[in-house]
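Scroll down for the structure; my scribbles are underneath it.
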Amino acid sequence: MLRHKSIASGLAGLLFMGLFWSVAQAAPITVPTGLNPGDQYRIAFLTTTTRNASSSDIAVYNAFVTAEANSVAELSALNTTWTAIASTATVDARDNTDTNPASAGVGIYLLNDTKLADNNADLWDGTIRTALGVQSDGFGIVGTTVWTGTASDGTVGVQNGSIQGLGFEFTGDRRLGNSGFEDQRWIMGPPSPFSTFITFNAHFYAISGILTVGDGETVGVPEPAPLSAMALGLLSFAVIWRRRAAEITRRRQT
């Protein structure tokens with residue numbers, strides 16, 4: 001019985017430390033690994049919340065993603081602007097986000113320390129380096145539907161003469177993307193039965209303004225504390241196990 005209790009105690013400790021580690025790891029990483037003070041970059045994320053695509057005013061979607069970013073302490077602390085990677089009939093996503101390939105731009109990263117694109121041209125060349133499936137809280141999500149209104153080159157979606165930007169003005173499909181893809185479907189997914197119903201709620205992509213790594217800023221952000229805590233948990237387990245084993249041996253000898 002004593003042996004079983006020691007095992008249970010040790011396993012419980014390990015489980016707790018494991019949960020602590022996994023939660024800590026999910027915290028948004030706002031300064032990518034490998035950058036140095038003075039380097040510039042941008043951050044993109046997938047919203048955790050959803051909304052419809054009924055407005056033709058791009059400012060509505062920018063306000064939506066900004067409100068979500070500001071609800072996350074790590075993102076709010078960046079003091080940057082946030083815009084939706086989305087198009088309406090009159091505004092292209094690449095202009096709304098200042099990622100027009102006509103300008104070089106900077107590297108774009110996700111909140112799990114992976115790179116989405118090297119620059120503006122890379123973002124709109126038809127593929128991205130990794131799926132844009134990391135949410136504002138740092139957690140990943142398996143492919144989900146995203147309102148974009150956008151073609152693979154960053155301009156408003158148009159098919160058979162029908163404009164697919166977000167808003168009520170036009171009949172026909174509205175362009176959707178999917179956060180599970182790295183090819184053009186990330187922004188310009190296949191026709192969807194929901195795409196004609198702009199009151200359908202879906203996620204949005206968001207991108208920050210240009211950020212600059214500051215002097216003394218922690219690069220990569222994951223704190224060493226969780227790892228130390230896990231090590232302490234393992235050490236405690238080992239100490240408890242040795243003490244219990246010694247006690248069992250002593251009792252058997254007596």
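Every chain in the structure tokens has a letter given in the order shown (A, B, ...), and although residue numbers restart at 1 in each chain, ligands are simply numbered from 1 in the order shown.
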
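Residue-level DSSP output for stretch 101-171 of chain A, from the backbone, shows strand (DSSP E or B) at Gly107, Ile108, Tyr109, Lys115, Leu116, Ala117, Val134, Gln135, Gly140, Thr145, Val146, Trp147, Thr150, Val156, Val158, Gln159, Ser162, Ile163 and Leu166 of chain A.
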
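Computed from the coordinates, the atom CA of A:Gly177 to atom CA of A:Thr144 distance equals 8.3 Å.
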
- [ ] Rounded to one decimal place, report the atom CA of A:Gly165-atom CA of A:Asp122 distance in Å.
- [x] 22.2 Å

Which polymer residues have any atom within 7 Å of an atom of A:Gly180, counting only C-alpha atoms, with same-chain residues fewer than 3 positions away left out, as a PDB file with all heavy atoms, in the first residue's frame?
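Saved the output as out-v1.pdb:
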ATOM      1  N   ALA A 131       0.785  26.897 -42.053  1.00  0.00           N
ATOM      2  CA  ALA A 131      -0.632  27.251 -41.964  1.00  0.00           C
ATOM      3  C   ALA A 131      -0.852  28.314 -40.891  1.00  0.00           C
ATOM      4  O   ALA A 131      -0.257  28.268 -39.818  1.00  0.00           O
ATOM      5  CB  ALA A 131      -1.458  26.006 -41.652  1.00  0.00           C
ATOM      6  N   GLY A 133      -2.725  28.963 -38.433  1.00  0.00           N
ATOM      7  CA  GLY A 133      -3.687  28.346 -37.532  1.00  0.00           C
ATOM      8  C   GLY A 133      -3.385  28.555 -36.066  1.00  0.00           C
ATOM      9  O   GLY A 133      -3.830  27.786 -35.220  1.00  0.00           O
ATOM     10  N   VAL A 142      -6.993  23.307 -35.475  1.00  0.00           N
ATOM     11  CA  VAL A 142      -7.057  22.559 -36.719  1.00  0.00           C
ATOM     12  C   VAL A 142      -7.886  23.361 -37.714  1.00  0.00           C
ATOM     13  O   VAL A 142      -8.755  24.126 -37.335  1.00  0.00           O
ATOM     14  CB  VAL A 142      -7.669  21.167 -36.469  1.00  0.00           C
ATOM     15  CG1 VAL A 142      -7.807  20.400 -37.782  1.00  0.00           C
ATOM     16  CG2 VAL A 142      -6.813  20.391 -35.494  1.00  0.00           C
ATOM     17  N   GLY A 143      -7.617  23.188 -39.008  1.00  0.00           N
ATOM     18  CA  GLY A 143      -8.239  23.978 -40.064  1.00  0.00           C
ATOM     19  C   GLY A 143      -9.674  24.394 -39.801  1.00  0.00           C
ATOM     20  O   GLY A 143     -10.531  23.566 -39.538  1.00  0.00           O
ATOM     21  N   THR A 144      -9.917  25.680 -39.879  1.00  0.00           N
ATOM     22  CA  THR A 144     -11.249  26.216 -39.644  1.00  0.00           C
ATOM     23  C   THR A 144     -11.565  27.274 -40.696  1.00  0.00           C
ATOM     24  O   THR A 144     -10.666  27.799 -41.355  1.00  0.00           O
ATOM     25  CB  THR A 144     -11.365  26.813 -38.225  1.00  0.00           C
ATOM     26  OG1 THR A 144     -12.727  27.107 -37.934  1.00  0.00           O
ATOM     27  CG2 THR A 144     -10.536  28.079 -38.090  1.00  0.00           C
ATOM     28  N   TRP A 186      -5.435  28.820 -48.056  1.00  0.00           N
ATOM     29  CA  TRP A 186      -5.385  29.507 -46.761  1.00  0.00           C
ATOM     30  C   TRP A 186      -6.187  30.816 -46.822  1.00  0.00           C
ATOM     31  O   TRP A 186      -6.830  31.210 -45.850  1.00  0.00           O
ATOM     32  CB  TRP A 186      -3.945  29.794 -46.330  1.00  0.00           C
ATOM     33  CG  TRP A 186      -3.281  30.969 -47.000  1.00  0.00           C
ATOM     34  CD1 TRP A 186      -2.606  30.968 -48.187  1.00  0.00           C
ATOM     35  CD2 TRP A 186      -3.205  32.319 -46.503  1.00  0.00           C
ATOM     36  NE1 TRP A 186      -2.120  32.226 -48.475  1.00  0.00           N
ATOM     37  CE2 TRP A 186      -2.468  33.069 -47.456  1.00  0.00           C
ATOM     38  CE3 TRP A 186      -3.686  32.960 -45.364  1.00  0.00           C
ATOM     39  CZ2 TRP A 186      -2.200  34.432 -47.305  1.00  0.00           C
ATOM     40  CZ3 TRP A 186      -3.416  34.321 -45.200  1.00  0.00           C
ATOM     41  CH2 TRP A 186      -2.678  35.034 -46.166  1.00  0.00           C
TER      42      TRP A 186
END

Task: Residue nearest A:Phe181 among A:Thr81, A:Thr127, A:Thr150, A:Thr88 (counting only C-alpha atoms) - done: A:Thr127

Open item on the list: What's around A:Ile141 at 12 Å? Count only C-alpha atoms, leave out sequence neighbours fewer than 3 positions away in its own chain, and write the answer as a PyMOL selection string.
Closed with: chain A and resi 26+45-48+112+131-138+144-145+178-181+203

Just write the chosen residues, N, CA and C atoms, as a PDB file, in the first residue's frame.
ATOM      1  N   ALA A  26       1.981  27.483 -24.254  1.00  0.00           N
ATOM      2  CA  ALA A  26       0.977  28.022 -25.169  1.00  0.00           C
ATOM      3  C   ALA A  26       0.917  29.541 -25.134  1.00  0.00           C
ATOM      4  N   PHE A  45      -2.172  36.397 -36.613  1.00  0.00           N
ATOM      5  CA  PHE A  45      -2.857  35.380 -35.819  1.00  0.00           C
ATOM      6  C   PHE A  45      -4.251  35.130 -36.382  1.00  0.00           C
ATOM      7  N   LEU A  46      -4.826  34.031 -35.937  1.00  0.00           N
ATOM      8  CA  LEU A  46      -6.203  33.655 -36.250  1.00  0.00           C
ATOM      9  C   LEU A  46      -7.058  34.025 -35.049  1.00  0.00           C
ATOM     10  N   THR A  47      -8.180  34.678 -35.270  1.00  0.00           N
ATOM     11  CA  THR A  47      -9.007  35.069 -34.124  1.00  0.00           C
ATOM     12  C   THR A  47      -9.600  33.843 -33.430  1.00  0.00           C
ATOM     13  N   THR A  48      -9.774  33.961 -32.126  1.00  0.00           N
ATOM     14  CA  THR A  48     -10.452  32.905 -31.372  1.00  0.00           C
ATOM     15  C   THR A  48     -11.965  33.072 -31.493  1.00  0.00           C
ATOM     16  N   ASN A 112       3.492  31.179 -32.244  1.00  0.00           N
ATOM     17  CA  ASN A 112       4.166  29.987 -31.719  1.00  0.00           C
ATOM     18  C   ASN A 112       5.612  29.947 -32.198  1.00  0.00           C
ATOM     19  N   ALA A 131       0.785  26.897 -42.053  1.00  0.00           N
ATOM     20  CA  ALA A 131      -0.632  27.251 -41.964  1.00  0.00           C
ATOM     21  C   ALA A 131      -0.852  28.314 -40.891  1.00  0.00           C
ATOM     22  N   LEU A 132      -1.745  29.270 -41.189  1.00  0.00           N
ATOM     23  CA  LEU A 132      -2.023  30.353 -40.255  1.00  0.00           C
ATOM     24  C   LEU A 132      -3.113  29.895 -39.293  1.00  0.00           C
ATOM     25  N   GLY A 133      -2.725  28.963 -38.433  1.00  0.00           N
ATOM     26  CA  GLY A 133      -3.687  28.346 -37.532  1.00  0.00           C
ATOM     27  C   GLY A 133      -3.385  28.555 -36.066  1.00  0.00           C
ATOM     28  N   VAL A 134      -2.608  29.593 -35.734  1.00  0.00           N
ATOM     29  CA  VAL A 134      -2.303  29.895 -34.331  1.00  0.00           C
ATOM     30  C   VAL A 134      -3.132  31.098 -33.907  1.00  0.00           C
ATOM     31  N   GLN A 135      -3.874  30.928 -32.832  1.00  0.00           N
ATOM     32  CA  GLN A 135      -4.794  31.965 -32.389  1.00  0.00           C
ATOM     33  C   GLN A 135      -4.106  33.013 -31.522  1.00  0.00           C
ATOM     34  N   SER A 136      -4.844  34.047 -31.177  1.00  0.00           N
ATOM     35  CA  SER A 136      -4.286  35.163 -30.422  1.00  0.00           C
ATOM     36  C   SER A 136      -3.791  34.767 -29.041  1.00  0.00           C
ATOM     37  N   ASP A 137      -4.300  33.667 -28.504  1.00  0.00           N
ATOM     38  CA  ASP A 137      -3.860  33.201 -27.186  1.00  0.00           C
ATOM     39  C   ASP A 137      -2.664  32.259 -27.272  1.00  0.00           C
ATOM     40  N   GLY A 138      -2.163  32.022 -28.478  1.00  0.00           N
ATOM     41  CA  GLY A 138      -0.991  31.165 -28.657  1.00  0.00           C
ATOM     42  C   GLY A 138      -1.313  29.720 -28.936  1.00  0.00           C
ATOM     43  N   THR A 144      -9.917  25.680 -39.879  1.00  0.00           N
ATOM     44  CA  THR A 144     -11.249  26.216 -39.644  1.00  0.00           C
ATOM     45  C   THR A 144     -11.565  27.274 -40.696  1.00  0.00           C
ATOM     46  N   THR A 145     -12.829  27.591 -40.855  1.00  0.00           N
ATOM     47  CA  THR A 145     -13.274  28.532 -41.877  1.00  0.00           C
ATOM     48  C   THR A 145     -12.967  29.975 -41.475  1.00  0.00           C
ATOM     49  N   ASN A 178      -9.203  28.896 -45.352  1.00  0.00           N
ATOM     50  CA  ASN A 178      -9.178  27.829 -44.355  1.00  0.00           C
ATOM     51  C   ASN A 178      -7.810  27.813 -43.680  1.00  0.00           C
ATOM     52  N   SER A 179      -7.807  27.851 -42.357  1.00  0.00           N
ATOM     53  CA  SER A 179      -6.565  27.977 -41.591  1.00  0.00           C
ATOM     54  C   SER A 179      -5.732  26.702 -41.569  1.00  0.00           C
ATOM     55  N   GLY A 180      -6.210  25.651 -42.218  1.00  0.00           N
ATOM     56  CA  GLY A 180      -5.460  24.401 -42.204  1.00  0.00           C
ATOM     57  C   GLY A 180      -4.552  24.206 -43.401  1.00  0.00           C
ATOM     58  N   PHE A 181      -4.530  25.169 -44.332  1.00  0.00           N
ATOM     59  CA  PHE A 181      -3.776  24.996 -45.575  1.00  0.00           C
ATOM     60  C   PHE A 181      -2.611  25.967 -45.695  1.00  0.00           C
ATOM     61  N   HIS A 203     -14.094  32.770 -38.471  1.00  0.00           N
ATOM     62  CA  HIS A 203     -12.914  33.439 -37.915  1.00  0.00           C
ATOM     63  C   HIS A 203     -12.363  34.463 -38.901  1.00  0.00           C
TER      64      HIS A 203
END

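Among A:Ala93, A:Val60, A:Leu176, A:Ile163, the residue with the shortest atom-to-atom distance to A:Val146, counting only C-alpha atoms, is A:Leu176.
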
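The coordinates place atom CA of A:Leu110 at 21.5 Å from atom CA of A:Gly149.
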
Open item on the list: At a cut-off of 10 Å, using only C-alpha atoms, what residues contact A:Ala206? Leave out same-chain residues fewer than 4 positions from it and give the result as a list in words.
Closed with: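 Contacts, in chain order: Ile43, Ala44, Phe45, Leu46, Thr47, Tyr61, Asn62, Phe64, Val65, Thr66, Glu68, Ala69, Trp82, Thr83, Ala84, Ile85, Ala86, Thr97, Leu132, Gln135 and Ser136 of chain A.
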
Task: Pick from A:Ala77, A:Ile187, A:Leu116, A:Ala104 nearest to A:Phe204, counting only C-alpha atoms - done: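 Closest to A:Phe204, using only C-alpha atoms: A:Ile187.
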